[in-house]
Amino acid sequence: MPIDFPILNFQAIAPELVVVVAAFVVMFMELFVDDKRILGYISLVGLTMAAILNFSLMASFAPPTFQTMLISDGYSLILNLIFIIAAALSILISLSYLSDRELQHGEYYALLLFATVGMMLMGAATDLIIVFMGLEIMSIALYILAAFNRQQLGSGEAGMKYFVLGAFASAFFLYGVALVYGATGSTNLQEIGSWFSADRGNLGDPIALVGLSLLLVGFSFKIAAVPFQWWTPDVYHGAPTSVTAFMSVGAKAAGFASLMRVLMISFGDAFTVDWQLAVAVLAVITMTGGNIAALAQKDVKRMLAYSSIAHAGYILVGVVPGTMNGVQGVLFYLLSYTFMNIGAFAVITVLERRSQVGSAIQDYAGLASRSPLLALAMLLFMVSLTGIPPFIGFWGKLYVFRAAVEANMSWLAVAGMINSAISAFYYLGIVVQMYMRPVATAEDGDVAPALKLSAPVVVTLVVTVIVTVIFGIWPTPLVDLTSLAVFG
Amino acid sequence: MIGQVPLSYYLLLSAILFAIGAGGVLIRRNVIIVLMCVEMMMNAVNLTFIAFSRYLDSTTGQIFVFMIMAVAAVEVAVGLALLVELNRHKDSVNINDFNSLKG
């Protein structure tokens with residue numbers, strides 16, 4: 001009896017493999033290295049190699065491989081790039097942040113790399129099994145990372161909350177997968193899609209519709225869309241800031257990556273009408289809810305947590321039309337958000353007090369006179385997050401809103417713009433503190449926190465500021481990159 | 001396909017189990033019971049998968065169940081470790097006691 005060996009194209013998952021190997025090297029070296037920061041640099045080397053491989057793969061895309069479980073196409077490769085950049089920048093922030101708090105352990109870097117692999121798998125998955133595995137590899141590593149600061153109750157609490165709600169969401173996601181599998185007889189995204197388009201009599205199948213809505217619920221938890229966002233503020237607030245920076249960017253991008261692939265490929269054409277309105281409503285309440293809650297915040301870290309909910313809403317605007325332009329807009333937005341948001345969190349790590357959870361807004365008072373460059377960097381990130389030209393955040397918003405207008409959903413774009421205006425209040429509130437308030441002194445009963453700028457943090461800030469400004473003035477390279485990913 | 005028991009019975013049973021689990025996560029305050037409720041939801045999903053797998057005569061569902069079982073085991077391990085860690089700060093397993101993060 002002849003045995004058919006499946007075709008395994010290891011080249012297609014080369015970046016993932018490199019990151020996995022780097023994670024194992026970190027775990028192994030942990031035994032021999034005393035200064036654990038070296039492990040951070042090893043991780044950076046691994047991530048750089050993965051990024052280089054990733055770029056080399058962009059020359060030629062492979063068809064689905066590993067029995068159509070995974071694909072290495074432009075879409076997955078650009079998402080890989082986002083995850084790698086997010087991981088690398090977070091590691092740069094972590095190096096000094098962890099040392100300051102006596103949390104410098106090798107596991108941190110290994111877990112961060114494993115979470116990155118999970119995200120990369122989610123971007124590359126063309127089968128719901130791999131989507132689920134990627135989701136769990138990412139989430140389980142992040143649960144532990146959120147609880148990494150063992151000296152603080154807040155960190156453990158963040159980990160616990162993230163874990164309980166994450167597992168709860170996974171169960172919903174899985175139930176959705178089970179029902180879709182029952183309705184269509186397959187877990188492969190392409191096969192699910194062709195089943196629906198081949199047999200149009202099945203479109204009203206209640207099992208498939210319930211399955212689709214449960215999948216949406218599961219993804220909404222991961223991208224922190226209202227009304228599934230309860231965990232976000234607490235988790236982002238309590239987790240170590242370097243982890244929050246990584247989660248707010250990477251986990252969100254990974255959630256959007258699979259959400260879009262599932263919606264476009266499996267529930268394309270025939271189903272668009274069914275999910276379009278649901279996702280549009282989700283987008284509007286997400287950005288409004290996030291922005292309004294952010295207005296009331298007195299803690300910068302918590303405020304950025306709420307603002308990341310609002311950003312999930314803006315990104316959903318790009319998902320709603322279900323068009324290729326929408327996908328391109330979302331990819332551009334995710335890429336730009338990676339830089340400006342991690343940059344903002346890098347500033348927070350500089351000002352965060354060691355004994356305290358979060359970073360009070362009063363601590364930013366008079367920052368402009370204490371460190372003009374740091375204040376300028378924060379100003380740029382805040383303005384860019386608001387979406388004011390000529391910074392990178394403006395182009396991200398422009399592209400997702402344009403996709404909505406092209407799909408005759410101008411009301412969605414209008415809602416997005418009104419929300420951007422609302423967000424200016426709290427973003428610029430920080431700017432007001434930095435530039436127009438006096439520095440707190442001992443006479444006020446509260447001394448401003450010391451500024452702890454280390455070389456890796458400076459590198460992070462320089463990179464993020466340069467990208468935010470340069471690609472804001474001249475976005476063409478990033479637009480070309482994202483359109484290459486979507487249109488080939 | 002499934003002997004004398006029709007598919008809908010299995011689906012109904014797993015839907016009920018899932019609902020009980022979800023209700024438990026939302027209502028119960030003891031973290032350990034919440035973990036058990038999450039497990040219950042996962043196992044309801046497993047039952048759905050296996051019922052469909054037999055009904056459709058496809059093995060994909062059963063393979064998926066193995067994945068879910070492995071992941072569920074990992075999740076419990078991590079969850080209990082987190083709880084032990086939390087217990088060092090606060091001698092409680094009640095979810096309402098973990099409320100230091102507010103705003």
# chains A, B, ... in the order shown; residues from 1 in each chain; ligands from 1
>>> select_by_dssp(residues="stretch 103-188 of chain A", states="helix (DSSP H, G or I)", output="number ranges by chain")
A: 106-124, 128-146, 153-184
>>> interface_residues(of="chain A", to="chain B", cutoff="7 Å", atoms="only C-alpha atoms", output="mmCIF file with N, CA and C atoms, in the first residue's frame")
data_model
loop_
_atom_site.group_PDB
_atom_site.id
_atom_site.type_symbol
_atom_site.label_atom_id
_atom_site.label_comp_id
_atom_site.auth_asym_id
_atom_site.auth_seq_id
_atom_site.Cartn_x
_atom_site.Cartn_y
_atom_site.Cartn_z
ATOM 1 N N ILE A 129 -8.688 25.229 13.420
ATOM 2 C CA ILE A 129 -7.872 24.564 14.433
ATOM 3 C C ILE A 129 -6.628 25.403 14.740
ATOM 4 N N ILE A 140 -2.293 32.219 26.649
ATOM 5 C CA ILE A 140 -1.763 31.618 27.873
ATOM 6 C C ILE A 140 -0.452 32.293 28.263
ATOM 7 N N LEU A 153 0.000 43.280 44.117
ATOM 8 C CA LEU A 153 -1.293 42.604 44.057
ATOM 9 C C LEU A 153 -1.971 42.904 42.726
ATOM 10 N N GLY A 154 -1.838 44.157 42.274
ATOM 11 C CA GLY A 154 -2.523 44.585 41.054
ATOM 12 C C GLY A 154 -2.153 43.745 39.847
ATOM 13 N N GLY A 156 -1.040 40.520 39.792
ATOM 14 C CA GLY A 156 -1.660 39.206 39.901
ATOM 15 C C GLY A 156 -3.143 39.268 39.589
ATOM 16 N N GLU A 157 -3.756 40.337 40.083
ATOM 17 C CA GLU A 157 -5.179 40.521 39.836
ATOM 18 C C GLU A 157 -5.451 40.673 38.338
ATOM 19 N N MET A 160 -5.218 37.303 36.719
ATOM 20 C CA MET A 160 -6.380 36.465 37.033
ATOM 21 C C MET A 160 -7.598 36.894 36.226
ATOM 22 N N PHE A 163 -7.157 35.980 32.708
ATOM 23 C CA PHE A 163 -7.291 34.538 32.519
ATOM 24 C C PHE A 163 -8.747 34.096 32.523
ATOM 25 N N ALA A 167 -10.428 32.741 29.133
ATOM 26 C CA ALA A 167 -10.875 31.356 29.000
ATOM 27 C C ALA A 167 -12.364 31.306 28.681
ATOM 28 N N PHE A 168 -13.110 32.199 29.319
ATOM 29 C CA PHE A 168 -14.544 32.312 29.062
ATOM 30 C C PHE A 168 -14.778 32.626 27.575
ATOM 31 N N ALA A 171 -14.061 29.722 25.281
ATOM 32 C CA ALA A 171 -15.137 28.739 25.250
ATOM 33 C C ALA A 171 -16.215 29.171 24.255
ATOM 34 N N LEU A 174 -14.902 28.586 20.814
ATOM 35 C CA LEU A 174 -14.905 27.166 20.465
ATOM 36 C C LEU A 174 -16.306 26.672 20.149
ATOM 37 N N TYR A 175 -17.272 27.145 20.899
ATOM 38 C CA TYR A 175 -18.647 26.719 20.631
ATOM 39 C C TYR A 175 -19.053 27.189 19.236
ATOM 40 N N ALA A 178 -17.485 24.858 16.793
ATOM 41 C CA ALA A 178 -18.176 23.563 16.778
ATOM 42 C C ALA A 178 -19.449 23.659 15.937
ATOM 43 N N GLY A 182 -20.323 21.819 12.500
ATOM 44 C CA GLY A 182 -21.497 20.964 12.354
ATOM 45 C C GLY A 182 -22.317 21.335 11.132
ATOM 46 N N GLY A 185 -19.418 20.898 7.981
ATOM 47 C CA GLY A 185 -18.653 19.669 7.877
ATOM 48 C C GLY A 185 -17.166 19.896 7.716
ATOM 49 N N ASP A 234 -8.761 47.003 33.568
ATOM 50 C CA ASP A 234 -8.092 46.413 34.731
ATOM 51 C C ASP A 234 -6.807 45.693 34.321
ATOM 52 N N GLY A 238 -3.150 46.911 35.496
ATOM 53 C CA GLY A 238 -2.399 46.144 36.485
ATOM 54 C C GLY A 238 -1.145 45.480 35.947
ATOM 55 N N GLN A 297 -10.744 59.395 33.117
ATOM 56 C CA GLN A 297 -9.625 58.745 33.787
ATOM 57 C C GLN A 297 -8.617 59.737 34.361
#
>>> atom_distance(atom1="atom CA of A:Val25", atom2="atom CA of A:Phe10")
19.8 Å
>>> residues_around(residues="A:Val249", least_positions_apart="5", cutoff="8 Å", atoms="only C-alpha atoms", output="PyMOL selection string")
chain A and resi 86+334+337-338+341-342
>>> atom_distance(atom1="atom CA of A:Gln433", atom2="atom CA of A:Ala360")
11.1 Å
>>> atom_distance(atom1="atom CA of A:Thr116", atom2="atom CA of A:Pro227")
26.4 Å
>>> select_by_dssp(residues="stretch 61-270 of chain A", states="strand (DSSP E or B)", output="list in words")
Ala62, Pro63, Pro64, Thr65, Leu70, Ile71, Ser72, Ala125, Asp127 and Asn188 of chain A
>>> write_last_selection(atoms="C-alpha atoms", output="CSV table (one decimal), in the first residue's frame")
chain,number,residue,atom,x,y,z
A,62,ALA,CA,3.3,30.2,-1.1
A,63,PRO,CA,-0.1,28.4,-1.5
A,64,PRO,CA,-1.7,27.0,1.7
A,65,THR,CA,0.6,24.3,3.1
A,70,LEU,CA,-1.5,27.6,7.1
A,71,ILE,CA,-0.7,30.1,4.4
A,72,SER,CA,2.2,32.4,3.9
A,125,ALA,CA,-4.0,30.3,9.9
A,127,ASP,CA,-8.0,26.5,9.4
A,188,ASN,CA,-11.1,24.8,6.8
